[in-house]
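This is input-v6.cif (mmCIF, C-alpha atoms).
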```
data_protein
#
loop_
_atom_site.label_atom_id
_atom_site.label_comp_id
_atom_site.auth_asym_id
_atom_site.auth_seq_id
_atom_site.Cartn_x
_atom_site.Cartn_y
_atom_site.Cartn_z
CA MET A 1 -10.56 -19.87 10.50
CA ALA A 2 -11.84 -19.10 14.00
CA PHE A 3 -15.62 -19.01 13.21
CA GLY A 4 -16.41 -17.91 16.77
CA LEU A 5 -14.19 -20.54 18.35
CA SER A 6 -12.04 -19.73 21.36
CA HIS A 7 -8.52 -18.48 20.69
CA GLN A 8 -6.94 -21.70 21.97
CA THR A 9 -9.25 -23.91 19.88
CA ALA A 10 -8.58 -21.84 16.77
CA LEU A 11 -4.84 -22.03 17.44
CA ARG A 12 -4.96 -25.82 17.75
CA LEU A 13 -6.83 -26.04 14.45
CA LYS A 14 -4.24 -23.81 12.78
CA GLU A 15 -1.45 -26.02 14.16
CA LEU A 16 -3.12 -29.04 12.57
CA VAL A 17 -3.54 -27.30 9.22
CA TRP A 18 -0.43 -25.12 8.97
CA GLY A 19 1.96 -26.46 11.63
CA ARG A 20 4.99 -27.45 9.56
CA ARG A 21 4.42 -25.18 6.55
CA GLY A 22 3.44 -22.06 8.48
CA GLU A 23 0.23 -20.07 8.17
CA PRO A 24 0.19 -18.05 4.90
CA TYR A 25 0.07 -14.28 5.14
CA PRO A 26 -0.33 -12.58 1.74
CA ILE A 27 0.83 -8.98 1.59
CA SER A 28 1.95 -6.67 -1.20
CA GLY A 29 2.58 -9.43 -3.75
CA HIS A 30 4.30 -11.76 -1.28
CA VAL A 31 3.03 -14.78 0.64
CA LEU A 32 4.88 -15.00 3.93
CA ARG A 33 4.70 -17.95 6.31
CA TYR A 34 4.37 -17.73 10.09
CA ALA A 35 4.11 -20.33 12.82
CA PRO A 36 0.47 -20.46 13.95
CA GLY A 37 -0.24 -17.75 16.51
CA THR A 38 2.60 -15.46 15.41
CA ARG A 39 1.48 -13.82 12.15
CA PRO A 40 0.77 -10.07 11.96
CA VAL A 41 -2.73 -8.63 12.02
CA ARG A 42 -4.13 -8.56 8.50
CA THR A 43 -4.11 -5.13 6.88
CA ARG A 44 -7.86 -5.18 6.27
CA TYR A 45 -8.26 -4.44 9.99
CA ALA A 46 -6.64 -1.01 9.65
CA THR A 47 -10.02 0.57 10.48
CA SER A 48 -10.81 -1.71 13.43
CA PRO A 49 -12.46 -0.04 16.44
CA ASN A 50 -9.93 -1.88 18.63
CA PRO A 51 -6.91 0.49 18.79
CA ALA A 52 -4.30 -2.25 19.31
CA VAL A 53 -5.58 -4.19 16.29
CA ARG A 54 -5.86 -1.00 14.24
CA TYR A 55 -2.31 0.11 15.08
CA ASP A 56 -0.86 -3.31 14.23
CA ALA A 57 -2.65 -3.49 10.89
CA MET A 58 -1.61 0.04 9.99
CA GLN A 59 2.02 -0.75 10.79
CA ALA A 60 1.99 -3.79 8.51
CA ARG A 61 0.54 -1.68 5.70
CA LEU A 62 3.07 1.13 6.20
CA PHE A 63 6.03 -1.24 5.86
CA ALA A 64 4.47 -3.07 2.91
CA GLU A 65 3.89 0.19 1.06
CA GLY A 66 6.92 2.15 2.26
CA LEU A 67 9.83 -0.19 1.55
CA ASN A 68 11.40 -1.18 -1.76
CA GLU A 69 14.16 -3.40 -3.13
CA GLY A 70 17.54 -2.33 -1.78
CA ASP A 71 16.25 -0.47 1.27
CA THR A 72 17.55 -0.87 4.81
CA ALA A 73 15.08 -1.34 7.70
CA ILE A 74 15.48 -1.84 11.45
CA ASP A 75 13.02 -3.60 13.74
CA ILE A 76 13.69 -2.97 17.45
CA GLY A 77 11.64 -5.34 19.53
CA ALA A 78 11.13 -7.79 16.69
CA HIS A 79 9.43 -10.47 18.79
CA ALA A 80 8.45 -13.32 16.40
CA GLY A 81 9.32 -11.34 13.29
CA GLN A 82 5.81 -10.18 12.46
CA TYR A 83 7.14 -7.01 10.83
CA ALA A 84 10.76 -8.02 10.22
CA LEU A 85 9.59 -10.55 7.62
CA ILE A 86 7.45 -7.95 5.84
CA MET A 87 10.50 -5.69 5.85
CA ALA A 88 12.69 -8.48 4.45
CA ALA A 89 10.21 -9.28 1.69
CA ARG A 90 10.03 -5.64 0.62
CA CYS A 91 13.77 -4.83 0.97
CA GLY A 92 14.62 -7.83 -1.18
CA ARG A 93 17.92 -9.55 -1.89
CA SER A 94 19.84 -6.28 -2.20
CA GLY A 95 18.38 -4.75 0.95
CA HIS A 96 19.17 -5.24 4.61
CA VAL A 97 16.97 -5.81 7.67
CA ALA A 98 18.23 -5.86 11.26
CA ALA A 99 15.89 -7.43 13.84
CA PHE A 100 16.68 -6.75 17.51
CA GLU A 101 15.22 -9.26 19.97
CA PRO A 102 16.94 -9.79 23.33
CA ASP A 103 14.38 -12.27 24.72
CA PRO A 104 15.70 -15.77 23.91
CA HIS A 105 12.20 -17.30 23.92
CA ALA A 106 10.88 -14.73 21.44
CA ARG A 107 14.07 -15.04 19.40
CA ARG A 108 13.42 -18.76 18.88
CA LYS A 109 10.00 -17.86 17.46
CA LEU A 110 11.66 -15.28 15.22
CA GLU A 111 14.21 -17.79 13.98
CA ARG A 112 11.50 -20.37 13.30
CA ASN A 113 9.56 -17.87 11.21
CA ILE A 114 12.69 -16.92 9.28
CA ALA A 115 13.25 -20.63 8.54
CA LEU A 116 9.67 -20.89 7.22
CA ASN A 117 10.56 -18.30 4.55
CA PRO A 118 13.70 -19.63 2.83
CA GLY A 119 13.06 -17.53 -0.25
CA LEU A 120 13.71 -14.31 1.65
CA LYS A 121 17.05 -12.75 2.41
CA ALA A 122 16.97 -13.41 6.15
CA PRO A 123 16.94 -10.48 8.57
CA VAL A 124 20.09 -10.19 10.68
CA VAL A 125 18.95 -11.22 14.16
CA GLU A 126 20.59 -9.27 16.98
CA ALA A 127 20.34 -10.62 20.55
CA LEU A 128 20.70 -7.08 21.85
CA ALA A 129 18.55 -4.52 23.63
CA VAL A 130 18.81 -0.90 22.51
CA SER A 131 19.25 2.03 24.90
CA ASP A 132 21.05 5.36 25.30
CA THR A 133 24.24 3.88 26.78
CA PRO A 134 26.08 0.61 26.16
CA GLY A 135 26.31 -1.92 28.96
CA GLU A 136 23.97 -4.57 30.37
CA ALA A 137 20.45 -4.65 31.81
CA VAL A 138 17.93 -7.11 33.21
CA LEU A 139 15.16 -8.21 30.85
CA TYR A 140 11.86 -9.47 32.29
CA SER A 141 10.33 -12.23 30.15
CA GLN A 142 7.03 -14.08 30.21
CA GLY A 143 8.06 -17.00 28.05
CA GLY A 144 8.60 -14.94 24.93
CA ASN A 145 5.25 -13.20 24.71
CA SER A 146 5.14 -9.73 23.18
CA GLN A 147 5.64 -7.86 26.46
CA SER A 148 9.25 -8.54 27.48
CA SER A 149 10.64 -5.39 29.07
CA LEU A 150 13.69 -3.87 30.74
CA ALA A 151 11.33 -2.49 33.39
CA LYS A 152 8.96 -4.26 35.77
CA SER A 153 6.27 -1.70 35.02
CA GLY A 154 6.57 -2.56 31.34
CA ILE A 155 4.90 -5.91 32.00
CA GLY A 156 3.15 -5.08 35.28
CA GLU A 157 4.70 -5.21 38.75
CA ALA A 158 2.76 -8.31 39.86
CA VAL A 159 3.62 -10.21 36.68
CA ALA A 160 7.27 -9.15 36.90
CA GLU A 161 7.64 -10.83 40.28
CA ARG A 162 6.93 -14.16 38.57
CA ALA A 163 8.79 -13.41 35.35
CA GLU A 164 11.97 -15.06 34.14
CA THR A 165 14.94 -12.68 34.00
CA PHE A 166 17.92 -12.48 31.67
CA THR A 167 20.95 -10.22 31.63
CA VAL A 168 21.16 -8.73 28.13
CA PRO A 169 23.72 -6.51 26.38
CA LEU A 170 22.78 -2.93 25.49
CA VAL A 171 23.78 -0.96 22.40
CA ARG A 172 23.14 2.59 21.19
CA LEU A 173 21.33 2.69 17.87
CA ASP A 174 23.61 5.37 16.42
CA ASP A 175 26.66 3.28 17.38
CA TYR A 176 25.17 0.15 15.83
CA VAL A 177 24.37 1.83 12.51
CA ALA A 178 27.82 3.45 12.32
CA GLU A 179 29.78 0.34 13.32
CA ARG A 180 27.91 -1.87 10.82
CA GLY A 181 28.30 0.73 8.07
CA LEU A 182 24.58 0.62 7.33
CA ALA A 183 22.85 2.94 4.91
CA PRO A 184 20.33 5.26 6.56
CA PRO A 185 17.31 3.03 7.19
CA ARG A 186 14.20 3.77 5.20
CA TRP A 187 12.10 2.64 8.17
CA VAL A 188 12.80 2.07 11.86
CA LYS A 189 10.23 0.40 14.11
CA ILE A 190 10.51 0.66 17.91
CA ASP A 191 8.34 -1.44 20.21
CA THR A 192 10.14 -2.00 23.50
CA GLU A 193 7.62 -1.76 26.37
CA GLY A 194 8.85 1.53 27.78
CA ALA A 195 12.48 1.81 26.64
CA GLU A 196 11.55 3.99 23.64
CA VAL A 197 12.67 7.32 25.13
CA ARG A 198 16.10 5.96 26.00
CA ILE A 199 16.42 4.43 22.55
CA LEU A 200 15.67 7.75 20.86
CA LYS A 201 18.10 9.59 23.14
CA GLY A 202 20.75 7.20 21.80
CA ALA A 203 19.71 7.80 18.19
CA ARG A 204 20.26 11.52 17.67
CA ASN A 205 22.06 11.01 14.36
CA LEU A 206 19.27 8.79 13.09
CA LEU A 207 16.63 11.29 14.21
CA ALA A 208 18.48 14.03 12.36
CA GLY A 209 18.53 11.96 9.17
CA PRO A 210 15.92 10.96 6.59
CA SER A 211 14.64 7.73 8.19
CA ASN A 212 10.94 7.16 8.77
CA ILE A 213 10.44 6.22 12.42
CA LEU A 214 7.48 4.39 13.91
CA CYS A 215 7.42 4.15 17.70
CA GLU A 216 5.03 2.45 20.11
CA LEU A 217 4.63 4.49 23.31
CA HIS A 218 4.33 2.91 26.75
CA PRO A 219 4.12 5.96 29.05
CA TYR A 220 3.14 3.89 32.09
CA ALA A 221 6.73 2.52 32.17
CA TRP A 222 8.64 5.76 31.61
CA ALA A 223 8.99 6.69 35.29
CA GLU A 224 10.84 3.44 36.05
CA PHE A 225 13.21 4.19 33.18
CA GLY A 226 13.69 7.71 34.60
CA ASN A 227 12.17 9.27 31.47
CA SER A 228 9.33 11.66 30.69
CA PHE A 229 7.25 13.03 27.85
CA GLU A 230 9.31 16.22 28.00
CA GLU A 231 12.47 14.25 27.18
CA LEU A 232 10.72 12.47 24.33
CA HIS A 233 9.39 15.72 22.93
CA ALA A 234 12.79 17.40 23.21
CA ALA A 235 14.52 14.58 21.31
CA VAL A 236 11.89 14.58 18.57
CA SER A 237 11.37 18.33 18.15
CA GLY A 238 15.10 18.99 18.46
CA ALA A 239 15.57 16.90 15.33
CA GLY A 240 12.94 18.91 13.46
CA ARG A 241 10.29 16.24 13.72
CA ARG A 242 6.79 16.05 15.14
CA MET A 243 4.81 13.19 16.68
CA ARG A 244 1.35 12.03 15.72
CA TYR A 245 -0.58 8.84 16.34
CA ILE A 246 -0.71 6.90 13.10
CA ASP A 247 -4.50 7.03 12.99
CA GLU A 248 -4.67 10.78 13.70
CA ALA A 249 -3.60 13.81 11.66
CA ALA A 250 -2.93 16.23 14.52
CA GLU A 251 0.41 16.56 16.27
CA MET A 252 0.54 14.84 19.66
CA ARG A 253 0.82 17.01 22.75
CA ALA A 254 1.60 16.29 26.40
CA SER A 255 -2.09 16.29 27.31
CA ASP A 256 -2.73 13.57 24.68
CA VAL A 257 -0.01 11.10 25.65
CA ARG A 258 -1.23 7.52 26.01
CA TYR A 259 -0.33 4.05 24.87
CA GLY A 260 -0.26 3.86 21.09
CA THR A 261 1.87 3.96 17.96
CA VAL A 262 3.22 7.27 16.70
CA LEU A 263 5.04 8.47 13.62
CA LEU A 264 8.06 10.70 14.22
CA GLU A 265 7.83 12.64 11.02
CA ARG A 266 9.16 15.77 9.42
CA PRO A 267 6.45 18.37 8.72
CA SER A 268 5.75 18.59 4.99
#
```
Structure rendered as structure tokens:
Amino acid sequence: MAFGLSHQTALRLKELVWGRRGEPYPISGHVLRYAPGTRPVRTRYATSPNPAVRYDAMQARLFAEGLNEGDTAIDIGAHAGQYALIMAARCGRSGHVAAFEPDPHARRKLERNIALNPGLKAPVVEALAVSDTPGEAVLYSQGGNSQSSLAKSGIGEAVAERAETFTVPLVRLDDYVAERGLAPPRWVKIDTEGAEVRILKGARNLLAGPSNILCELHPYAWAEFGNSFEELHAAVSGAGRRMRYIDEAAEMRASDVRYGTVLLERPS
């Protein structure tokens, strides 16, 4: 569609073509619809030299291939529903998808994309942030882009000074799963601009269980959250799991830590 055009020009063209119907996104036997500018990266880019594009495409493929009818899946930091809709399509009418998105601007995008897919069993949208203790926190938002964060460093200190702020409720993941009576999720995705260590510290039961867990790391924000790689490693290894970047086979170590998406997996 873009043919070398600028991003904004391509987006305007997509709005003209797909605006009301949503841009089609075929995946794993389904054709999902997304508002222009909000669809996931296409899975054919899973070998892209750009790591962000590669990680996103690999995530879409993992959920498309790793979920089946009747499964439960959880998307923490759902944004516009890029992955929550793939999860919903794969989990089917007898499955269950919970999509956590505390940013009201992003949540409106999520709800629009859900409405564009009336044939799916809709994900349950939760206006909650996830952490290691219940309570409230301040969320920094840039109009619902993909970088809302509970920490200024999660979006950049200079940007945070101009950001809109919201007070949002916090929940522990283990508490949420228990209180809702959910089956152990087949997949959990965490993308929360730095809050990932706190989330995992509040998910010890889930870590100890059979769920597949995919987690985007934002180490530049951990200090503001009061967290460290050592805490992350302790939570993961204490549950009998290891971490590796999804495009690498080797286990991740402290000297390797950087932004990227990791699997928290049990050694085979």
**Request:** Mind giving me the straight-line distance from CA of Tyr259 in chain A to CA of Gly202 in chain A in Å, one decimal?
**Result:** 21.5 Å
**Message:** Need the shell around range 111-127 of chain A: protein/DNA/RNA residues with any atom at most 9 Å away, counting all atoms listed in the file. Skip same-chain ones fewer than 3 positions apart. Format as a PyMOL selection string?
**Reply:** chain A and resi 20-22+32-35+38+78+80-82+84-85+87-89+91-104+106-108+168-169
Could you dump the residues just selected with C-alpha atoms as a PDB file, in the frame of the given file?
```pdb
ATOM      1  CA  ARG A  20       4.990 -27.450   9.560  1.00  0.00           C
ATOM      2  CA  ARG A  21       4.420 -25.180   6.550  1.00  0.00           C
ATOM      3  CA  GLY A  22       3.440 -22.060   8.480  1.00  0.00           C
ATOM      4  CA  LEU A  32       4.880 -15.000   3.930  1.00  0.00           C
ATOM      5  CA  ARG A  33       4.700 -17.950   6.310  1.00  0.00           C
ATOM      6  CA  TYR A  34       4.370 -17.730  10.090  1.00  0.00           C
ATOM      7  CA  ALA A  35       4.110 -20.330  12.820  1.00  0.00           C
ATOM      8  CA  THR A  38       2.600 -15.460  15.410  1.00  0.00           C
ATOM      9  CA  ALA A  78      11.130  -7.790  16.690  1.00  0.00           C
ATOM     10  CA  ALA A  80       8.450 -13.320  16.400  1.00  0.00           C
ATOM     11  CA  GLY A  81       9.320 -11.340  13.290  1.00  0.00           C
ATOM     12  CA  GLN A  82       5.810 -10.180  12.460  1.00  0.00           C
ATOM     13  CA  ALA A  84      10.760  -8.020  10.220  1.00  0.00           C
ATOM     14  CA  LEU A  85       9.590 -10.550   7.620  1.00  0.00           C
ATOM     15  CA  MET A  87      10.500  -5.690   5.850  1.00  0.00           C
ATOM     16  CA  ALA A  88      12.690  -8.480   4.450  1.00  0.00           C
ATOM     17  CA  ALA A  89      10.210  -9.280   1.690  1.00  0.00           C
ATOM     18  CA  CYS A  91      13.770  -4.830   0.970  1.00  0.00           C
ATOM     19  CA  GLY A  92      14.620  -7.830  -1.180  1.00  0.00           C
ATOM     20  CA  ARG A  93      17.920  -9.550  -1.890  1.00  0.00           C
ATOM     21  CA  SER A  94      19.840  -6.280  -2.200  1.00  0.00           C
ATOM     22  CA  GLY A  95      18.380  -4.750   0.950  1.00  0.00           C
ATOM     23  CA  HIS A  96      19.170  -5.240   4.610  1.00  0.00           C
ATOM     24  CA  VAL A  97      16.970  -5.810   7.670  1.00  0.00           C
ATOM     25  CA  ALA A  98      18.230  -5.860  11.260  1.00  0.00           C
ATOM     26  CA  ALA A  99      15.890  -7.430  13.840  1.00  0.00           C
ATOM     27  CA  PHE A 100      16.680  -6.750  17.510  1.00  0.00           C
ATOM     28  CA  GLU A 101      15.220  -9.260  19.970  1.00  0.00           C
ATOM     29  CA  PRO A 102      16.940  -9.790  23.330  1.00  0.00           C
ATOM     30  CA  ASP A 103      14.380 -12.270  24.720  1.00  0.00           C
ATOM     31  CA  PRO A 104      15.700 -15.770  23.910  1.00  0.00           C
ATOM     32  CA  ALA A 106      10.880 -14.730  21.440  1.00  0.00           C
ATOM     33  CA  ARG A 107      14.070 -15.040  19.400  1.00  0.00           C
ATOM     34  CA  ARG A 108      13.420 -18.760  18.880  1.00  0.00           C
ATOM     35  CA  VAL A 168      21.160  -8.730  28.130  1.00  0.00           C
ATOM     36  CA  PRO A 169      23.720  -6.510  26.380  1.00  0.00           C
TER      37      PRO A 169
END
```
**Message:** Show me, as a ChimeraX atom specification, the residues that have an atom within 8 Å of Arg90 in chain A when counting only C-alpha atoms, minus same-chain residues fewer than 5 positions from it.
**Reply:** /A:63-64,67-69
Between range 33-96 of chain A and range 130-140 of chain A, at 12 Å or less, what are the per-residue closest atom pairs and their distances in Å? Count all atoms listed in the file, order by chain and rising residue number, and return it as CSV.
```
residue,atom,partner,partner_atom,distance
A:Ile74,CA,A:Val130,CA,11.6
A:Asp75,CA,A:Val130,CA,10.9
A:Ile76,CA,A:Val130,CA,7.5
A:Gly77,CA,A:Val130,CA,8.9
A:Ala78,CA,A:Val130,CA,11.8
```
Could the residues in this selection be written to a file with C-alpha atoms, as a short mmCIF file (atom, residue, chain, number, x, y, z; two decimals), in the frame of the given file?
```cif
data_model
loop_
_atom_site.label_atom_id
_atom_site.label_comp_id
_atom_site.auth_asym_id
_atom_site.auth_seq_id
_atom_site.Cartn_x
_atom_site.Cartn_y
_atom_site.Cartn_z
CA ILE A 74 15.48 -1.84 11.45
CA ASP A 75 13.02 -3.60 13.74
CA ILE A 76 13.69 -2.97 17.45
CA GLY A 77 11.64 -5.34 19.53
CA ALA A 78 11.13 -7.79 16.69
#
```
**Item:** Å distance separating CA of Ala235 in chain A from CA of Asp247 in chain A, one decimal place
**Value:** 22.1 Å
What's around Glu224 in chain A at 9 Å? Count all atoms listed in the file, leave out sequence neighbours fewer than 4 positions away in its own chain, and write the answer as a tab-separated table (two decimals) with C-alpha atoms, in the frame of the given file.
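Written out: out-v2.tsv:
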```tsv
chain	number	residue	atom	x	y	z
A	151	ALA	CA	11.33	-2.49	33.39
A	152	LYS	CA	8.96	-4.26	35.77
A	153	SER	CA	6.27	-1.70	35.02
A	154	GLY	CA	6.57	-2.56	31.34
A	194	GLY	CA	8.85	1.53	27.78
A	220	TYR	CA	3.14	3.89	32.09
```
**Asked** Skipping near chain neighbours, those fewer than 2 positions away, what residues fall within 10 Å of Met252 in chain A using only C-alpha atoms, listed as an NGL selection string?
**Response** :A and (233 or 242-245 or 248-250 or 254-258 or 262-263)
**Request:** Please determine the residues with any atom at most 8 Å from (-1.7, -0.6, 8.9) (coordinates as given in the file, with only C-alpha atoms counting) and report them as a ChimeraX atom specification.
**Result:** /A:43,45-46,54-62
Counting all atoms listed in the file, I want the residues whose atoms come within 7 Å of (8.5, -0.6, 26.7) in the file frame, returned as a PDB file with C-alpha atoms, keeping the file's coordinate frame.
```
ATOM      1  CA  SER A 149      10.640  -5.390  29.070  1.00  0.00           C
ATOM      2  CA  GLY A 154       6.570  -2.560  31.340  1.00  0.00           C
ATOM      3  CA  ASP A 191       8.340  -1.440  20.210  1.00  0.00           C
ATOM      4  CA  THR A 192      10.140  -2.000  23.500  1.00  0.00           C
ATOM      5  CA  GLU A 193       7.620  -1.760  26.370  1.00  0.00           C
ATOM      6  CA  GLY A 194       8.850   1.530  27.780  1.00  0.00           C
ATOM      7  CA  ALA A 195      12.480   1.810  26.640  1.00  0.00           C
ATOM      8  CA  GLU A 196      11.550   3.990  23.640  1.00  0.00           C
ATOM      9  CA  HIS A 218       4.330   2.910  26.750  1.00  0.00           C
ATOM     10  CA  ALA A 221       6.730   2.520  32.170  1.00  0.00           C
TER      11      ALA A 221
END
```
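The space separating CA of Asp71 in chain A from CA of Val188 in chain A comes to 11.4 Å.
When the PyMOL selection byres ((chain A and resi 187) around 8) is evaluated on the file shown here, the picked residues come out as A:Phe63, A:Gly66, A:Leu67, A:Thr72, A:Ala73, A:Ile74, A:Pro185, A:Arg186, A:Val188, A:Lys189, A:Ser211, A:Asn212, A:Ile213, A:Leu214.
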**Item:** Selection: 10 Å around Asp174 in chain A, all atoms listed in the file, excl. self and same-chain fewer than 5 positions, as a list in words
**Value:**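 Result of the neighbour search: Val130, Asp132, Glu179, Ile199, Leu200, Lys201, Gly202, Ala203, Arg204, Asn205, Leu206 and Leu207 of chain A.
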